[in-house]
file entry36.cif (mmCIF, C-alpha atoms and all ligand atoms)
data_data
loop_
_atom_site.label_atom_id
_atom_site.label_comp_id
_atom_site.auth_asym_id
_atom_site.auth_seq_id
_atom_site.Cartn_x
_atom_site.Cartn_y
_atom_site.Cartn_z
CA MET A 5 0.09 -77.02 -6.79
CA GLN A 6 2.44 -74.21 -7.76
CA GLU A 7 2.50 -71.02 -5.70
CA ALA A 8 -0.19 -68.90 -7.39
CA PHE A 9 0.68 -65.60 -9.03
CA SER A 10 -0.38 -62.52 -7.07
CA ALA A 11 -2.27 -59.86 -9.06
CA GLN A 12 -2.74 -56.15 -8.46
CA LEU A 13 -6.09 -54.50 -9.12
CA THR A 14 -6.27 -50.72 -9.03
CA LEU A 15 -9.47 -48.76 -9.55
CA VAL A 16 -9.41 -44.98 -9.28
CA ASP A 17 -12.85 -43.34 -9.15
CA THR A 18 -14.01 -45.89 -11.71
CA SER A 19 -17.64 -45.87 -12.80
CA VAL A 20 -19.73 -47.59 -15.47
CA GLU A 21 -22.85 -46.18 -17.05
CA ILE A 22 -25.41 -48.05 -19.13
CA ASP A 23 -27.96 -45.97 -21.00
CA ALA A 24 -26.76 -42.89 -19.09
CA ARG A 25 -27.47 -44.61 -15.75
CA CYS A 26 -24.59 -45.27 -13.34
CA VAL A 27 -24.71 -49.04 -12.64
CA LEU A 28 -21.27 -49.36 -11.02
CA GLY A 29 -19.16 -47.09 -8.85
CA PRO A 30 -17.50 -44.78 -8.57
CA LEU A 31 -15.13 -47.32 -7.00
CA SER A 32 -11.61 -46.80 -5.72
CA LEU A 33 -9.48 -49.68 -4.49
CA ASP A 34 -5.98 -51.04 -4.62
CA LEU A 35 -5.82 -54.76 -3.93
CA SER A 36 -3.22 -57.47 -4.18
CA PHE A 37 -4.74 -60.95 -4.42
CA ARG A 38 -4.44 -64.50 -5.65
CA ARG A 39 -8.04 -65.61 -5.11
CA LEU A 40 -10.52 -62.73 -4.84
CA GLY A 41 -14.25 -63.36 -4.42
CA VAL A 42 -17.05 -61.02 -5.48
CA VAL A 43 -20.49 -61.57 -4.00
CA GLY A 44 -23.75 -59.66 -4.36
CA ARG A 45 -27.42 -59.90 -5.15
CA ASN A 46 -28.93 -60.06 -8.64
CA GLY A 47 -28.37 -56.74 -10.37
CA SER A 48 -25.74 -55.54 -7.88
CA GLY A 49 -23.19 -55.04 -10.69
CA LYS A 50 -21.09 -58.23 -10.56
CA SER A 51 -21.14 -58.98 -14.29
CA THR A 52 -20.58 -55.30 -15.06
CA LEU A 53 -17.51 -55.38 -12.81
CA ALA A 54 -16.33 -58.57 -14.57
CA ARG A 55 -16.57 -56.90 -17.99
CA LEU A 56 -14.85 -53.78 -16.68
CA LEU A 57 -11.97 -55.85 -15.25
CA ALA A 58 -11.61 -57.72 -18.54
CA GLY A 59 -11.38 -54.41 -20.40
CA LEU A 60 -14.57 -55.08 -22.38
CA ILE A 61 -16.40 -51.92 -21.36
CA ALA A 62 -15.18 -48.38 -21.14
CA PRO A 63 -15.34 -46.72 -17.75
CA ALA A 64 -17.57 -43.64 -17.82
CA GLY A 65 -15.05 -42.13 -15.45
CA GLY A 66 -11.78 -43.11 -13.78
CA THR A 67 -9.42 -45.95 -14.68
CA CYS A 68 -9.18 -49.71 -14.23
CA ARG A 69 -5.73 -51.27 -14.08
CA LEU A 70 -4.74 -54.90 -13.64
CA ASN A 71 -1.06 -55.45 -12.92
CA GLY A 72 -0.47 -51.87 -14.06
CA VAL A 73 -2.16 -52.38 -17.45
CA ASP A 74 -5.09 -50.15 -18.36
CA VAL A 75 -7.24 -53.02 -19.58
CA TYR A 76 -9.60 -50.94 -21.69
CA THR A 77 -7.16 -48.69 -23.52
CA ASP A 78 -4.32 -51.22 -23.94
CA ARG A 79 -6.18 -54.21 -25.43
CA ARG A 80 -3.07 -55.98 -26.72
CA ALA A 81 -1.45 -56.05 -23.28
CA ALA A 82 -4.79 -56.81 -21.61
CA LEU A 83 -5.14 -60.07 -23.59
CA ARG A 84 -2.08 -61.38 -21.77
CA GLU A 85 -3.16 -60.08 -18.38
CA VAL A 86 -6.78 -61.13 -18.14
CA GLY A 87 -9.26 -63.70 -19.46
CA ILE A 88 -12.96 -63.76 -18.70
CA LEU A 89 -15.40 -66.65 -18.38
CA PHE A 90 -18.83 -65.19 -19.11
CA GLN A 91 -21.86 -66.02 -17.01
CA ASN A 92 -23.54 -67.48 -20.10
CA PRO A 93 -21.26 -69.66 -22.30
CA ASP A 94 -23.50 -68.95 -25.31
CA HIS A 95 -22.29 -65.32 -25.10
CA GLN A 96 -18.71 -66.52 -25.38
CA ILE A 97 -18.67 -69.33 -27.94
CA ILE A 98 -18.50 -68.29 -31.60
CA PHE A 99 -17.07 -71.28 -33.49
CA PRO A 100 -18.80 -74.52 -34.54
CA THR A 101 -16.28 -77.01 -33.14
CA VAL A 102 -14.46 -77.28 -29.82
CA LEU A 103 -11.01 -77.24 -31.45
CA GLU A 104 -11.76 -74.08 -33.46
CA GLU A 105 -13.13 -72.38 -30.36
CA VAL A 106 -10.10 -73.18 -28.21
CA ALA A 107 -7.64 -72.33 -31.03
CA PHE A 108 -9.25 -68.95 -31.78
CA GLY A 109 -7.90 -67.16 -28.69
CA LEU A 110 -4.41 -68.39 -29.53
CA THR A 111 -4.58 -66.88 -33.01
CA GLN A 112 -5.62 -63.64 -31.30
CA LEU A 113 -2.32 -63.82 -29.43
CA GLY A 114 -0.53 -63.90 -32.79
CA ARG A 115 0.00 -67.64 -33.29
CA LYS A 116 -0.36 -69.14 -36.78
CA LYS A 117 -3.45 -71.33 -37.28
CA ALA A 118 -1.56 -74.65 -37.37
CA GLN A 119 0.40 -73.80 -34.21
CA ALA A 120 -2.76 -72.56 -32.49
CA GLU A 121 -4.49 -75.86 -33.26
CA ARG A 122 -1.55 -77.88 -31.95
CA ASP A 123 -1.56 -75.83 -28.74
CA ALA A 124 -5.34 -76.15 -28.47
CA LEU A 125 -5.06 -79.94 -28.77
CA ALA A 126 -2.46 -79.90 -25.97
CA ILE A 127 -4.89 -78.05 -23.71
CA LEU A 128 -7.71 -80.48 -24.52
CA ALA A 129 -5.34 -83.33 -23.61
CA ARG A 130 -4.42 -81.62 -20.34
CA PHE A 131 -8.09 -81.50 -19.39
CA GLY A 132 -8.60 -85.12 -20.52
CA LYS A 133 -10.91 -83.98 -23.33
CA SER A 134 -8.95 -84.84 -26.49
CA ASP A 135 -11.99 -86.67 -27.85
CA TRP A 136 -13.97 -83.41 -27.85
CA ALA A 137 -11.78 -81.75 -30.53
CA GLN A 138 -14.11 -82.22 -33.50
CA SER A 139 -17.35 -82.16 -31.49
CA PRO A 140 -19.87 -79.52 -32.53
CA VAL A 141 -20.18 -77.09 -29.63
CA SER A 142 -23.95 -77.07 -30.18
CA SER A 143 -24.07 -80.75 -29.15
CA LEU A 144 -22.61 -80.02 -25.70
CA SER A 145 -24.51 -79.46 -22.48
CA HIS A 146 -24.40 -76.16 -20.61
CA GLY A 147 -21.72 -77.46 -18.21
CA GLN A 148 -19.66 -78.89 -21.05
CA LYS A 149 -19.83 -75.53 -22.88
CA HIS A 150 -18.60 -73.86 -19.70
CA LEU A 151 -15.64 -76.21 -19.70
CA VAL A 152 -14.90 -75.40 -23.37
CA CYS A 153 -14.88 -71.69 -22.45
CA LEU A 154 -12.60 -72.37 -19.49
CA MET A 155 -10.18 -74.39 -21.63
CA SER A 156 -10.17 -71.59 -24.23
CA ILE A 157 -9.17 -69.05 -21.61
CA VAL A 158 -6.65 -71.23 -19.80
CA ALA A 159 -5.04 -71.95 -23.20
CA MET A 160 -4.27 -68.24 -23.52
CA ALA A 161 -2.50 -68.37 -20.12
CA PRO A 162 -3.65 -64.98 -18.81
CA LYS A 163 -2.23 -63.89 -15.48
CA VAL A 164 -5.72 -63.27 -14.10
CA LEU A 165 -8.93 -65.24 -14.71
CA VAL A 166 -12.25 -63.48 -14.16
CA LEU A 167 -14.96 -66.09 -13.61
CA ASP A 168 -18.54 -64.84 -13.70
CA GLU A 169 -20.76 -67.39 -11.91
CA PRO A 170 -18.70 -70.32 -13.23
CA PHE A 171 -20.77 -72.88 -11.34
CA ALA A 172 -24.23 -71.62 -12.30
CA GLY A 173 -26.32 -74.46 -13.67
CA LEU A 174 -23.66 -77.12 -13.14
CA ASP A 175 -24.38 -80.44 -11.48
CA PHE A 176 -22.32 -81.47 -8.47
CA PRO A 177 -19.72 -83.68 -10.25
CA THR A 178 -19.16 -81.07 -12.97
CA LYS A 179 -18.78 -78.34 -10.35
CA THR A 180 -16.32 -80.49 -8.41
CA GLN A 181 -14.39 -81.16 -11.61
CA LEU A 182 -14.29 -77.44 -12.54
CA SER A 183 -13.16 -76.55 -9.01
CA ARG A 184 -10.33 -79.05 -9.36
CA TYR A 185 -9.23 -77.54 -12.69
CA LEU A 186 -9.35 -74.08 -11.15
CA ARG A 187 -7.13 -75.11 -8.27
CA LEU A 188 -4.60 -76.25 -10.89
CA PHE A 189 -4.56 -72.78 -12.49
CA ASP A 190 -1.45 -71.03 -11.24
CA GLY A 191 -2.55 -67.49 -12.10
CA ALA A 192 -4.75 -65.24 -9.99
CA VAL A 193 -8.53 -65.70 -9.99
CA ILE A 194 -11.45 -63.32 -9.47
CA HIS A 195 -14.44 -65.53 -8.69
CA ILE A 196 -17.88 -63.93 -8.93
CA SER A 197 -20.87 -65.65 -7.38
CA HIS A 198 -24.14 -64.84 -5.68
CA ASP A 199 -23.57 -67.99 -3.60
CA PRO A 200 -21.20 -67.50 -0.64
CA SER A 201 -20.48 -71.23 -0.41
CA ASP A 202 -18.66 -71.01 -3.78
CA LEU A 203 -16.17 -68.47 -2.40
CA GLN A 204 -14.73 -70.30 0.60
CA ASP A 205 -11.34 -70.78 -1.13
CA CYS A 206 -10.88 -67.01 -1.65
CA GLU A 207 -8.54 -65.09 0.63
CA SER A 208 -10.67 -61.95 0.45
CA VAL A 209 -14.11 -60.93 -0.80
CA LEU A 210 -15.79 -57.80 -2.19
CA TRP A 211 -19.51 -57.53 -1.49
CA LEU A 212 -21.28 -55.43 -4.12
CA GLU A 213 -24.59 -53.73 -3.40
CA LYS A 214 -26.26 -51.43 -5.95
CA GLY A 215 -22.98 -50.92 -7.77
CA GLN A 216 -21.07 -49.98 -4.64
CA ILE A 217 -18.77 -51.95 -2.34
CA ALA A 218 -20.86 -52.71 0.74
CA ARG A 219 -17.99 -54.54 2.50
CA SER A 220 -14.57 -55.87 1.59
CA GLY A 221 -11.91 -57.84 3.40
CA ASP A 222 -11.35 -61.21 4.98
CA THR A 223 -13.55 -63.91 3.35
CA LYS A 224 -14.99 -65.36 6.54
CA SER A 225 -16.17 -62.10 8.03
CA VAL A 226 -17.51 -60.55 4.78
CA LEU A 227 -19.44 -63.71 3.89
CA ALA A 228 -20.87 -63.98 7.41
CA GLN A 229 -22.12 -60.37 7.20
CA TYR A 230 -23.48 -60.98 3.69
CA LEU A 231 -25.37 -64.11 4.76
CA GLU A 232 -26.86 -62.34 7.75
CA ALA A 233 -28.05 -59.45 5.57
CA MET A 234 -29.51 -61.82 2.96
CA GLU A 235 -31.35 -63.84 5.62
CA THR A 236 -32.83 -60.63 7.03
CA LEU A 237 -33.96 -59.58 3.53
CA GLY A 238 -35.35 -63.02 2.79
CA ALA A 239 -37.36 -62.98 6.02
CA GLY A 240 -39.09 -59.71 4.99
CA ASP A 241 -42.38 -59.53 3.11
CA ASP A 242 -41.46 -56.90 0.57
CA ILE A 243 -40.20 -59.10 -2.27
CA SER A 244 -39.85 -56.01 -4.49
CA ASP A 245 -36.92 -55.06 -2.28
CA LEU A 246 -35.07 -58.09 -3.68
CA SER A 247 -34.51 -56.32 -6.98
CA ARG A 248 -32.47 -53.27 -7.64
N1 LIG B 1 -27.27 -54.40 -21.27
C1 LIG B 1 -27.85 -53.74 -20.26
N2 LIG B 1 -28.78 -52.80 -20.49
C2 LIG B 1 -29.37 -52.11 -19.49
N3 LIG B 1 -29.07 -52.30 -18.18
C3 LIG B 1 -28.16 -53.23 -17.89
C4 LIG B 1 -27.50 -54.01 -18.91
N4 LIG B 1 -26.61 -54.85 -18.31
C5 LIG B 1 -26.74 -54.62 -16.98
N5 LIG B 1 -27.64 -53.65 -16.74
C6 LIG B 1 -28.03 -53.14 -15.42
O1 LIG B 1 -26.85 -52.96 -14.65
C7 LIG B 1 -27.07 -53.39 -13.32
C8 LIG B 1 -26.03 -54.42 -12.94
O2 LIG B 1 -26.21 -55.58 -13.74
P1 LIG B 1 -25.23 -56.81 -13.67
O3 LIG B 1 -25.59 -57.73 -14.80
O4 LIG B 1 -23.85 -56.32 -13.59
O5 LIG B 1 -25.65 -57.47 -12.27
P2 LIG B 1 -25.22 -58.85 -11.63
O6 LIG B 1 -24.80 -58.56 -10.23
O7 LIG B 1 -24.26 -59.54 -12.52
O8 LIG B 1 -26.60 -59.64 -11.59
P3 LIG B 1 -26.88 -61.23 -11.68
O9 LIG B 1 -26.62 -61.78 -10.30
O10 LIG B 1 -28.33 -61.30 -12.03
O11 LIG B 1 -26.01 -61.83 -12.73
C9 LIG B 1 -28.51 -53.92 -13.25
O12 LIG B 1 -29.32 -52.90 -12.72
C10 LIG B 1 -28.87 -54.17 -14.69
O13 LIG B 1 -30.23 -53.94 -14.90
MG MG B 2 -24.25 -61.36 -13.45
#

call {"tool": "encode", "arguments": {"input": "entry36.cif", "output": "structure tokens", "more": "lines below"}}
Ligand SMILES: Nc1ncnc2c1ncn2[C@@H]1O[C@H](COP(=O)(O)OP(=O)(O)OP(=O)(O)O)[C@@H](O)[C@H]1O
Ligand SMILES: [Mg+2]
result
Amino acid sequence: MQEAFSAQLTLVDTSVEIDARCVLGPLSLDLSFRRLGVVGRNGSGKSTLARLLAGLIAPAGGTCRLNGVDVYTDRRAALREVGILFQNPDHQIIFPTVLEEVAFGLTQLGRKKAQAERDALAILARFGKSDWAQSPVSSLSHGQKHLVCLMSIVAMAPKVLVLDEPFAGLDFPTKTQLSRYLRLFDGAVIHISHDPSDLQDCESVLWLEKGQIARSGDTKSVLAQYLEAMETLGAGDDISDLSR
């Protein structure tokens, strides 16, 4: 494996509001990372953070920069910096066939359709999925759709991949296969999961709680603290406390 690219994430008093309610932040951090994990309970703000980092939602306040690029205001540059794998592949896929889906991102980068399709075919071959090219996306399983989304993003060669629960709903072999592909990716990765066991490969972890950073730092110690807190919550009787 190649030495992975190191990314720089800088948030300055960054917050996100939905329906006039603050659901994330304000957060301030300046991190250099190759594999960054984000953990947190349902509703803690993980997917909101993912969208913010991909430049898909405007901060209500503050700024979000990846590798110096303001990902919301400079969309053209952001396309080269960051790609996002959504939690639900059905929110990502817009074209009827696998080839069209994978080629689309490449046309967004300015490539002509024929070139984009050639490059898309090369990516399918790299993942051993050349025979999927003309398959209707609707005929694929959830895990296979996830893989189509991953191939579409990897094809665009962003410097940073944001993966929102990439293993959710995948069976063990598919998860193992996806993990292997991810290890081959030589850019930086932000891996979001509610499951600490998914994040063992990360060098550091952010733990989100009610839109704030509860802990951040070394993977082993943050995940140990997270697990302990979750076990304590799970042992309580007040199940309503499990939702935000
Ligand atoms: N479209 C929306 N409309 C209203 N509120 C929303 C919307 N999207 C997210 N929220 C709220 O923002 C907060 C954070 O949601 P988010 O989806 O980021 O959490 P999450 O950590 O990804 O949860 P999960 O583990 O269930 O995926 C929640 O309180 C949620 O209700
Ligand atoms: Mg989520």

call {"tool": "residues_around", "arguments": {"input": "entry36.cif", "residues": "Asp202 of chain A", "least_positions_apart": "6", "cutoff": "9 Å", "atoms": "all atoms listed in the file", "output": "MDAnalysis selection string"}}
result
chainID A and resid 41 171 195:196

call {"tool": "closest_atom_pairs", "arguments": {"input": "entry36.cif", "of": "chain A", "to": "ligand MG 2 (chain B)", "cutoff": "12 Å", "atoms": "all atoms listed in the file", "output": "CSV"}}
result
residue,atom,partner,partner_atom,distance
A:Val42,CA,B:MG2,MG,10.7
A:Val43,CA,B:MG2,MG,10.2
A:Gly44,CA,B:MG2,MG,9.3
A:Arg45,CA,B:MG2,MG,9.0
A:Asn46,CA,B:MG2,MG,6.8
A:Gly47,CA,B:MG2,MG,6.9
A:Ser48,CA,B:MG2,MG,8.2
A:Gly49,CA,B:MG2,MG,7.0
A:Lys50,CA,B:MG2,MG,5.3
A:Ser51,CA,B:MG2,MG,4.0
A:Thr52,CA,B:MG2,MG,7.3
A:Leu53,CA,B:MG2,MG,9.0
A:Ala54,CA,B:MG2,MG,8.5
A:Arg55,CA,B:MG2,MG,10.0
A:Leu89,CA,B:MG2,MG,11.4
A:Phe90,CA,B:MG2,MG,8.7
A:Gln91,CA,B:MG2,MG,6.3
A:Asn92,CA,B:MG2,MG,9.1
A:Leu167,CA,B:MG2,MG,10.4
A:Asp168,CA,B:MG2,MG,6.7
A:Glu169,CA,B:MG2,MG,7.1
A:Pro170,CA,B:MG2,MG,10.5
A:Ala172,CA,B:MG2,MG,10.3
A:His195,CA,B:MG2,MG,11.7
A:Ile196,CA,B:MG2,MG,8.2
A:Ser197,CA,B:MG2,MG,8.2
A:His198,CA,B:MG2,MG,8.5
A:Asp199,CA,B:MG2,MG,11.9
A:Leu212,CA,B:MG2,MG,11.4
A:Gly215,CA,B:MG2,MG,12.0

call {"tool": "closest_residue", "arguments": {"input": "entry36.cif", "among": "A:Val152, A:Glu105, A:Val164, A:Gly191", "to": "Val75 of chain A", "atoms": "only C-alpha atoms"}}
result
A:Val164

call {"tool": "atom_distance", "arguments": {"input": "entry36.cif", "atom1": "atom CA of Tyr185 of chain A", "atom2": "atom CA of Arg122 of chain A"}}
result
20.7 Å

call {"tool": "closest_residue", "arguments": {"input": "entry36.cif", "among": "A:Val106, A:Leu174, A:Leu182, A:Val209", "to": "Ser156 of chain A", "atoms": "all atoms listed in the file"}}
result
A:Val106

call {"tool": "closest_residue", "arguments": {"input": "entry36.cif", "among": "A:Val226, A:Val20, A:Val141, A:Leu60", "to": "ligand LIG 1 (chain B)", "atoms": "only C-alpha atoms and all ligand atoms"}}
result
A:Val20

call {"tool": "residues_near_point", "arguments": {"input": "entry36.cif", "point": "(-7.0, -76.6, -28.8)", "cutoff": "9 Å", "atoms": "all atoms listed in the file", "output": "ChimeraX atom specification"}}
result
/A:102-108,110,120-129,134,137,155-156,159

call {"tool": "atom_distance", "arguments": {"input": "entry36.cif", "atom1": "atom CA of Glu85 of chain A", "atom2": "atom CA of Lys163 of chain A"}}
result
4.9 Å

call {"tool": "closest_residue", "arguments": {"input": "entry36.cif", "among": "A:Glu207, A:Ser10, A:Ile98, A:Ile22", "to": "ligand LIG 1 (chain B)", "atoms": "only C-alpha atoms and all ligand atoms"}}
result
A:Ile22

call {"tool": "atom_distance", "arguments": {"input": "entry36.cif", "atom1": "atom CA of Trp211 of chain A", "atom2": "atom CA of Ile194 of chain A"}}
result
12.7 Å

call {"tool": "closest_residue", "arguments": {"input": "entry36.cif", "among": "A:Ser19, A:Glu213, A:Ala81, A:Ala161", "to": "ligand LIG 1 (chain B)", "atoms": "all atoms listed in the file"}}
result
A:Glu213

call {"tool": "closest_residue", "arguments": {"input": "entry36.cif", "among": "A:Leu28, A:Val166, A:Ala228, A:Met160", "to": "Gly114 of chain A", "atoms": "all atoms listed in the file"}}
result
A:Met160

call {"tool": "decode", "arguments": {"input": "entry36.cif", "residues": "segment 193-218 of chain A", "atoms": "N, CA and C atoms", "output": "mmCIF file, in the first residue's frame"}}
result
data_model
loop_
_atom_site.group_PDB
_atom_site.id
_atom_site.type_symbol
_atom_site.label_atom_id
_atom_site.label_comp_id
_atom_site.auth_asym_id
_atom_site.auth_seq_id
_atom_site.Cartn_x
_atom_site.Cartn_y
_atom_site.Cartn_z
ATOM 1 N N VAL A 193 -9.111 9.385 4.734
ATOM 2 C CA VAL A 193 -10.473 8.885 4.917
ATOM 3 C C VAL A 193 -11.047 9.380 6.244
ATOM 4 N N ILE A 194 -12.293 9.868 6.187
ATOM 5 C CA ILE A 194 -13.043 10.149 7.419
ATOM 6 C C ILE A 194 -14.142 9.096 7.487
ATOM 7 N N HIS A 195 -14.040 8.224 8.467
ATOM 8 C CA HIS A 195 -14.950 7.077 8.560
ATOM 9 C C HIS A 195 -15.924 7.295 9.718
ATOM 10 N N ILE A 196 -17.199 7.404 9.366
ATOM 11 C CA ILE A 196 -18.243 7.656 10.369
ATOM 12 C C ILE A 196 -18.973 6.364 10.683
ATOM 13 N N SER A 197 -19.109 6.055 11.954
ATOM 14 C CA SER A 197 -19.833 4.846 12.334
ATOM 15 C C SER A 197 -20.344 4.961 13.759
ATOM 16 N N HIS A 198 -21.497 4.329 14.026
ATOM 17 C CA HIS A 198 -21.931 4.262 15.420
ATOM 18 C C HIS A 198 -21.270 3.060 16.100
ATOM 19 N N ASP A 199 -20.577 2.228 15.288
ATOM 20 C CA ASP A 199 -20.014 0.988 15.817
ATOM 21 C C ASP A 199 -18.496 1.119 15.981
ATOM 22 N N PRO A 200 -18.016 1.165 17.230
ATOM 23 C CA PRO A 200 -16.585 1.377 17.464
ATOM 24 C C PRO A 200 -15.705 0.330 16.793
ATOM 25 N N SER A 201 -16.227 -0.897 16.612
ATOM 26 C CA SER A 201 -15.362 -1.939 16.047
ATOM 27 C C SER A 201 -15.007 -1.641 14.586
ATOM 28 N N ASP A 202 -15.789 -0.767 13.928
ATOM 29 C CA ASP A 202 -15.471 -0.397 12.538
ATOM 30 C C ASP A 202 -14.280 0.552 12.458
ATOM 31 N N LEU A 203 -13.924 1.178 13.583
ATOM 32 C CA LEU A 203 -12.984 2.309 13.524
ATOM 33 C C LEU A 203 -11.581 1.982 14.035
ATOM 34 N N GLN A 204 -11.316 0.676 14.202
ATOM 35 C CA GLN A 204 -10.031 0.274 14.791
ATOM 36 C C GLN A 204 -8.824 0.719 13.956
ATOM 37 N N ASP A 205 -9.020 0.841 12.623
ATOM 38 C CA ASP A 205 -7.897 1.207 11.743
ATOM 39 C C ASP A 205 -7.575 2.703 11.781
ATOM 40 N N CYS A 206 -8.443 3.495 12.436
ATOM 41 C CA CYS A 206 -8.244 4.957 12.431
ATOM 42 C C CYS A 206 -7.128 5.335 13.395
ATOM 43 N N GLU A 207 -6.428 6.422 13.089
ATOM 44 C CA GLU A 207 -5.360 6.841 14.015
ATOM 45 C C GLU A 207 -5.921 7.743 15.116
ATOM 46 N N SER A 208 -7.056 8.413 14.810
ATOM 47 C CA SER A 208 -7.693 9.203 15.865
ATOM 48 C C SER A 208 -9.203 9.224 15.619
ATOM 49 N N VAL A 209 -9.939 9.562 16.678
ATOM 50 C CA VAL A 209 -11.400 9.489 16.625
ATOM 51 C C VAL A 209 -12.007 10.726 17.280
ATOM 52 N N LEU A 210 -13.097 11.237 16.643
ATOM 53 C CA LEU A 210 -13.937 12.269 17.269
ATOM 54 C C LEU A 210 -15.196 11.578 17.755
ATOM 55 N N TRP A 211 -15.572 11.851 18.972
ATOM 56 C CA TRP A 211 -16.832 11.307 19.520
ATOM 57 C C TRP A 211 -17.808 12.469 19.600
ATOM 58 N N LEU A 212 -18.897 12.353 18.805
ATOM 59 C CA LEU A 212 -19.924 13.409 18.796
ATOM 60 C C LEU A 212 -21.053 13.058 19.755
ATOM 61 N N GLU A 213 -21.528 14.069 20.454
ATOM 62 C CA GLU A 213 -22.638 13.887 21.391
ATOM 63 C C GLU A 213 -23.475 15.160 21.317
ATOM 64 N N LYS A 214 -24.730 15.033 20.888
ATOM 65 C CA LYS A 214 -25.625 16.180 20.772
ATOM 66 C C LYS A 214 -24.978 17.338 19.994
ATOM 67 N N GLY A 215 -24.339 16.998 18.902
ATOM 68 C CA GLY A 215 -23.759 18.018 18.035
ATOM 69 C C GLY A 215 -22.468 18.638 18.523
ATOM 70 N N GLN A 216 -21.961 18.136 19.634
ATOM 71 C CA GLN A 216 -20.699 18.655 20.178
ATOM 72 C C GLN A 216 -19.656 17.541 20.215
ATOM 73 N N ILE A 217 -18.384 17.924 20.305
ATOM 74 C CA ILE A 217 -17.342 16.908 20.444
ATOM 75 C C ILE A 217 -17.223 16.551 21.922
ATOM 76 N N ALA A 218 -17.610 15.304 22.241
ATOM 77 C CA ALA A 218 -17.530 14.862 23.632
ATOM 78 C C ALA A 218 -16.081 14.528 23.992
#
